[in-house]
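Working notes, structure below.
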Amino acid sequence: MASRLDRWIISTALSLHGPALKSGALTLGFNLSAQTLSDPRLWDFVDAAIDAAGAPHFGIGFEITETAAVTNFGAAEEFVRKARARHCRVSLDDFGAGMSSFEYLRRFPVDQIKIDGSFIEHIAQSRFDREIVSAISAIARSLGCSVVAEKVERQDALEILQEMGVAFGQGYLLHRPEPLEAIVARATAQAISPVGRRA
């Protein structure tokens, strides 16, 4: 059912929030399952959903995990190629947790690397984790990829990441989960306000 669920999420989110995407107030990212990555008709569906919503391709991103990619490496590589051809963003999620992470950087021309939270949660206490995160972020930046640290839950971790030049993070320290509708409403209001336009 994973592929059917992914399709429902994509079509529902695009149909509900197409105007916000079109205005530039919002970007959306979708995590994709291994089954969805292996679907040969996926891009026909995604293209139709994007066209129906009137959304710009560059406002849409897809996240694939190493687990999903390793299930069907060829399909994942083809998916990334097609996404890039359409100017959709692609992120490698949970980067560093698997055995072949750096091989994916060689094969997948992605926009963003999301460093697995297992390297972040104890970064203040673990020299090993600091060295791994520093290496991943340096390599990613040298390839033109932005870097996101997952599971940022402590101030000391945030400060270490900032010193390393990691520009983005996600985790409870930075923001708690909230309904997508609330985020869209806030982003849309900021985009149409005089302050939002100047920004």
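Residues are named by chain letter and number: chains run A, B, ... in the order of the structure tokens, numbers start at 1 in each chain, and ligands are numbered from 1 in the order shown.
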
Neighbours of Phe108 (chain A) within 9 Å (only C-alpha atoms; same-chain residues fewer than 6 positions away dropped), as a PDB file with N, CA, C and O atoms, in the first residue's frame?
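Below you can see around_22.pdb, which holds the result:
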ATOM      1  N   ALA A  76      16.136   4.152  -8.419  1.00  0.00           N
ATOM      2  CA  ALA A  76      16.402   5.387  -7.676  1.00  0.00           C
ATOM      3  C   ALA A  76      17.238   6.344  -8.511  1.00  0.00           C
ATOM      4  O   ALA A  76      16.981   7.555  -8.540  1.00  0.00           O
ATOM      5  N   GLU A  77      18.232   5.812  -9.203  1.00  0.00           N
ATOM      6  CA  GLU A  77      19.081   6.649 -10.045  1.00  0.00           C
ATOM      7  C   GLU A  77      18.269   7.284 -11.167  1.00  0.00           C
ATOM      8  O   GLU A  77      18.416   8.479 -11.473  1.00  0.00           O
ATOM      9  N   VAL A  80      16.040  10.119  -9.729  1.00  0.00           N
ATOM     10  CA  VAL A  80      16.788  11.354  -9.479  1.00  0.00           C
ATOM     11  C   VAL A  80      17.074  12.071 -10.785  1.00  0.00           C
ATOM     12  O   VAL A  80      16.937  13.304 -10.883  1.00  0.00           O
ATOM     13  N   ARG A  81      17.441  11.342 -11.822  1.00  0.00           N
ATOM     14  CA  ARG A  81      17.722  11.957 -13.121  1.00  0.00           C
ATOM     15  C   ARG A  81      16.489  12.694 -13.649  1.00  0.00           C
ATOM     16  O   ARG A  81      16.585  13.846 -14.109  1.00  0.00           O
ATOM     17  N   LEU A  92      18.874  13.471  -0.186  1.00  0.00           N
ATOM     18  CA  LEU A  92      19.207  12.153   0.352  1.00  0.00           C
ATOM     19  C   LEU A  92      18.964  12.208   1.852  1.00  0.00           C
ATOM     20  O   LEU A  92      19.647  12.951   2.577  1.00  0.00           O
TER      21      LEU A  92
END

Subject >> All strand (DSSP E) positions in chain A, as a PyMOL selection string >> reply: chain A and resi 28-31+60-65+89-95+112-115+146-149+168-169

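CA of His57 (chain A) is positioned 5.9 Å from CA of His87 (chain A).
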
**OP:** Using DSSP on the backbone, list every residue of region 34-195 of chain A that comes out as helix (DSSP H, G or I), and give them as a VMD selection string.
**Re:** chain A and resid 34 to 37 42 to 53 57 to 59 66 to 71 73 to 85 101 to 107 117 to 119 127 to 142 155 to 164 180 to 192 194 to 195

Would you kindly return, as an mmCIF file with N, CA, C and O atoms, in the first residue's frame, each protein, DNA or RNA residue with an atom no farther than 7 Å from any atom of Lys114 (chain A), considering only C-alpha atoms and excluding same-chain residues fewer than 3 positions away?
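Contents of out_34.cif, freshly written:
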data_model
loop_
_atom_site.group_PDB
_atom_site.id
_atom_site.type_symbol
_atom_site.label_atom_id
_atom_site.label_comp_id
_atom_site.auth_asym_id
_atom_site.auth_seq_id
_atom_site.Cartn_x
_atom_site.Cartn_y
_atom_site.Cartn_z
ATOM 1 N N SER A 91 16.557 15.314 -2.164
ATOM 2 C CA SER A 91 17.370 15.196 -0.947
ATOM 3 C C SER A 91 17.657 13.733 -0.662
ATOM 4 O O SER A 91 16.791 12.871 -0.863
ATOM 5 N N LEU A 92 18.874 13.471 -0.186
ATOM 6 C CA LEU A 92 19.207 12.153 0.352
ATOM 7 C C LEU A 92 18.964 12.208 1.852
ATOM 8 O O LEU A 92 19.647 12.951 2.577
ATOM 9 N N ASP A 93 17.987 11.452 2.320
ATOM 10 C CA ASP A 93 17.569 11.481 3.719
ATOM 11 C C ASP A 93 18.347 10.450 4.527
ATOM 12 O O ASP A 93 18.799 9.434 3.988
ATOM 13 N N ASP A 94 18.524 10.711 5.815
ATOM 14 C CA ASP A 94 19.217 9.794 6.734
ATOM 15 C C ASP A 94 20.621 9.454 6.250
ATOM 16 O O ASP A 94 21.104 8.326 6.409
ATOM 17 N N PHE A 95 21.297 10.435 5.670
ATOM 18 C CA PHE A 95 22.601 10.177 5.066
ATOM 19 C C PHE A 95 23.624 9.764 6.124
ATOM 20 O O PHE A 95 23.708 10.360 7.197
ATOM 21 N N VAL A 147 23.284 21.260 3.295
ATOM 22 C CA VAL A 147 23.385 20.240 4.338
ATOM 23 C C VAL A 147 22.350 20.530 5.425
ATOM 24 O O VAL A 147 22.248 21.656 5.910
ATOM 25 N N VAL A 148 21.613 19.483 5.806
ATOM 26 C CA VAL A 148 20.620 19.572 6.874
ATOM 27 C C VAL A 148 20.997 18.572 7.957
ATOM 28 O O VAL A 148 21.258 17.410 7.667
ATOM 29 N N ALA A 149 21.033 19.027 9.194
ATOM 30 C CA ALA A 149 21.257 18.119 10.324
ATOM 31 C C ALA A 149 19.910 17.717 10.900
ATOM 32 O O ALA A 149 19.089 18.573 11.221
ATOM 33 N N GLU A 150 19.684 16.422 11.007
ATOM 34 C CA GLU A 150 18.443 15.921 11.606
ATOM 35 C C GLU A 150 18.601 15.789 13.123
ATOM 36 O O GLU A 150 19.718 15.711 13.641
#

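Closest approach to Leu37 (chain A) among A:Ile10, A:Ile64, A:Val184, A:Ile115: A:Ile64, based on only C-alpha atoms.
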
**OP:** Tell me, as a list in words, which residues lie within 7 Å of Val152 (chain A), counting only C-alpha atoms; anything in the same chain fewer than 2 positions away does not count.
**Re:** Ile120, Glu121, Ala149, Glu150, Arg154, Ala157, Leu158, Gly169, Gln170, Gly171, Tyr172 and Leu173 of chain A

Output for the residues just chosen: all heavy atoms as a PDB file, in the first residue's frame:
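Ended up saving to result27.pdb:
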ATOM      1  N   ILE A 120      23.928  13.185  15.187  1.00  0.00           N
ATOM      2  CA  ILE A 120      23.706  14.530  15.722  1.00  0.00           C
ATOM      3  C   ILE A 120      23.385  14.511  17.213  1.00  0.00           C
ATOM      4  O   ILE A 120      23.833  15.376  17.969  1.00  0.00           O
ATOM      5  CB  ILE A 120      22.562  15.235  14.960  1.00  0.00           C
ATOM      6  CG1 ILE A 120      22.806  15.214  13.441  1.00  0.00           C
ATOM      7  CG2 ILE A 120      22.358  16.651  15.480  1.00  0.00           C
ATOM      8  CD1 ILE A 120      24.089  15.885  13.002  1.00  0.00           C
ATOM      9  N   GLU A 121      22.625  13.516  17.660  1.00  0.00           N
ATOM     10  CA  GLU A 121      22.088  13.562  19.023  1.00  0.00           C
ATOM     11  C   GLU A 121      23.162  13.547  20.106  1.00  0.00           C
ATOM     12  O   GLU A 121      22.955  14.089  21.193  1.00  0.00           O
ATOM     13  CB  GLU A 121      21.072  12.442  19.235  1.00  0.00           C
ATOM     14  CG  GLU A 121      21.608  11.037  19.020  1.00  0.00           C
ATOM     15  CD  GLU A 121      20.500   9.994  19.136  1.00  0.00           C
ATOM     16  OE1 GLU A 121      19.518  10.238  19.867  1.00  0.00           O
ATOM     17  OE2 GLU A 121      20.618   8.926  18.497  1.00  0.00           O
ATOM     18  N   ALA A 149      21.033  19.027   9.194  1.00  0.00           N
ATOM     19  CA  ALA A 149      21.257  18.119  10.324  1.00  0.00           C
ATOM     20  C   ALA A 149      19.910  17.717  10.900  1.00  0.00           C
ATOM     21  O   ALA A 149      19.089  18.573  11.221  1.00  0.00           O
ATOM     22  CB  ALA A 149      22.096  18.805  11.396  1.00  0.00           C
ATOM     23  N   GLU A 150      19.684  16.422  11.007  1.00  0.00           N
ATOM     24  CA  GLU A 150      18.443  15.921  11.606  1.00  0.00           C
ATOM     25  C   GLU A 150      18.601  15.789  13.123  1.00  0.00           C
ATOM     26  O   GLU A 150      19.718  15.711  13.641  1.00  0.00           O
ATOM     27  CB  GLU A 150      18.094  14.541  11.023  1.00  0.00           C
ATOM     28  CG  GLU A 150      17.866  14.540   9.522  1.00  0.00           C
ATOM     29  CD  GLU A 150      17.558  13.161   8.968  1.00  0.00           C
ATOM     30  OE1 GLU A 150      17.920  12.153   9.623  1.00  0.00           O
ATOM     31  OE2 GLU A 150      16.966  13.095   7.896  1.00  0.00           O
ATOM     32  N   ARG A 154      19.403  19.800  21.142  1.00  0.00           N
ATOM     33  CA  ARG A 154      20.153  20.429  22.234  1.00  0.00           C
ATOM     34  C   ARG A 154      20.880  21.666  21.722  1.00  0.00           C
ATOM     35  O   ARG A 154      21.362  21.690  20.590  1.00  0.00           O
ATOM     36  CB  ARG A 154      21.167  19.447  22.822  1.00  0.00           C
ATOM     37  CG  ARG A 154      20.556  18.246  23.530  1.00  0.00           C
ATOM     38  CD  ARG A 154      21.643  17.223  23.867  1.00  0.00           C
ATOM     39  NE  ARG A 154      22.761  17.855  24.543  1.00  0.00           N
ATOM     40  CZ  ARG A 154      22.961  17.782  25.870  1.00  0.00           C
ATOM     41  NH1 ARG A 154      22.116  17.123  26.637  1.00  0.00           N
ATOM     42  NH2 ARG A 154      24.024  18.372  26.419  1.00  0.00           N
ATOM     43  N   ALA A 157      24.516  21.104  20.666  1.00  0.00           N
ATOM     44  CA  ALA A 157      24.614  20.475  19.346  1.00  0.00           C
ATOM     45  C   ALA A 157      24.442  21.522  18.249  1.00  0.00           C
ATOM     46  O   ALA A 157      25.182  21.536  17.255  1.00  0.00           O
ATOM     47  CB  ALA A 157      23.578  19.373  19.198  1.00  0.00           C
ATOM     48  N   LEU A 158      23.456  22.402  18.431  1.00  0.00           N
ATOM     49  CA  LEU A 158      23.220  23.458  17.447  1.00  0.00           C
ATOM     50  C   LEU A 158      24.454  24.341  17.277  1.00  0.00           C
ATOM     51  O   LEU A 158      24.850  24.671  16.153  1.00  0.00           O
ATOM     52  CB  LEU A 158      22.020  24.306  17.873  1.00  0.00           C
ATOM     53  CG  LEU A 158      21.676  25.491  16.965  1.00  0.00           C
ATOM     54  CD1 LEU A 158      21.317  25.012  15.567  1.00  0.00           C
ATOM     55  CD2 LEU A 158      20.541  26.311  17.568  1.00  0.00           C
ATOM     56  N   GLY A 169      18.796  22.788   9.824  1.00  0.00           N
ATOM     57  CA  GLY A 169      18.568  21.725  10.796  1.00  0.00           C
ATOM     58  C   GLY A 169      17.093  21.460  10.969  1.00  0.00           C
ATOM     59  O   GLY A 169      16.249  22.287  10.621  1.00  0.00           O
ATOM     60  N   GLN A 170      16.805  20.305  11.515  1.00  0.00           N
ATOM     61  CA  GLN A 170      15.437  19.999  11.904  1.00  0.00           C
ATOM     62  C   GLN A 170      15.487  19.256  13.222  1.00  0.00           C
ATOM     63  O   GLN A 170      16.414  18.503  13.493  1.00  0.00           O
ATOM     64  CB  GLN A 170      14.710  19.186  10.829  1.00  0.00           C
ATOM     65  CG  GLN A 170      15.268  17.807  10.561  1.00  0.00           C
ATOM     66  CD  GLN A 170      14.547  17.087   9.435  1.00  0.00           C
ATOM     67  OE1 GLN A 170      14.472  17.573   8.318  1.00  0.00           O
ATOM     68  NE2 GLN A 170      14.018  15.921   9.740  1.00  0.00           N
ATOM     69  N   GLY A 171      14.504  19.521  14.057  1.00  0.00           N
ATOM     70  CA  GLY A 171      14.469  18.884  15.366  1.00  0.00           C
ATOM     71  C   GLY A 171      13.690  19.728  16.347  1.00  0.00           C
ATOM     72  O   GLY A 171      13.380  20.892  16.093  1.00  0.00           O
ATOM     73  N   TYR A 172      13.380  19.140  17.485  1.00  0.00           N
ATOM     74  CA  TYR A 172      12.514  19.789  18.469  1.00  0.00           C
ATOM     75  C   TYR A 172      13.085  21.094  19.010  1.00  0.00           C
ATOM     76  O   TYR A 172      12.341  21.982  19.404  1.00  0.00           O
ATOM     77  CB  TYR A 172      12.232  18.834  19.617  1.00  0.00           C
ATOM     78  CG  TYR A 172      11.228  17.756  19.306  1.00  0.00           C
ATOM     79  CD1 TYR A 172      10.936  16.768  20.239  1.00  0.00           C
ATOM     80  CD2 TYR A 172      10.577  17.713  18.089  1.00  0.00           C
ATOM     81  CE1 TYR A 172      10.010  15.771  19.962  1.00  0.00           C
ATOM     82  CE2 TYR A 172       9.658  16.728  17.801  1.00  0.00           C
ATOM     83  CZ  TYR A 172       9.373  15.752  18.742  1.00  0.00           C
ATOM     84  OH  TYR A 172       8.450  14.780  18.473  1.00  0.00           O
ATOM     85  N   LEU A 173      14.412  21.224  19.054  1.00  0.00           N
ATOM     86  CA  LEU A 173      14.979  22.481  19.522  1.00  0.00           C
ATOM     87  C   LEU A 173      14.596  23.636  18.606  1.00  0.00           C
ATOM     88  O   LEU A 173      14.384  24.764  19.064  1.00  0.00           O
ATOM     89  CB  LEU A 173      16.506  22.376  19.598  1.00  0.00           C
ATOM     90  CG  LEU A 173      17.239  23.655  20.034  1.00  0.00           C
ATOM     91  CD1 LEU A 173      16.942  23.962  21.515  1.00  0.00           C
ATOM     92  CD2 LEU A 173      18.745  23.523  19.818  1.00  0.00           C
TER      93      LEU A 173
END

Subject >> Gap from CA of Leu21 (chain A) to CA of Ala55 (chain A) - Å, one decimal >> reply: 5.6 Å

Original post:
Neighbours of Leu42 (chain A) within 10 Å (only C-alpha atoms; same-chain residues fewer than 5 positions away dropped), as a PyMOL selection string?
Top reply: chain A and resi 3+7+36-37+47+79

Okay, now the selection with C-alpha atoms, as a PDB file, in the first residue's frame?
ATOM      1  CA  SER A   3       2.935   3.404  -3.311  1.00  0.00           C
ATOM      2  CA  ARG A   7       0.387   8.982  -4.554  1.00  0.00           C
ATOM      3  CA  THR A  36       7.135   4.324  -5.206  1.00  0.00           C
ATOM      4  CA  LEU A  37      10.679   4.808  -6.489  1.00  0.00           C
ATOM      5  CA  ASP A  47       3.621  15.501 -13.830  1.00  0.00           C
ATOM      6  CA  PHE A  79      14.131   8.829 -10.486  1.00  0.00           C
TER       7      PHE A  79
END
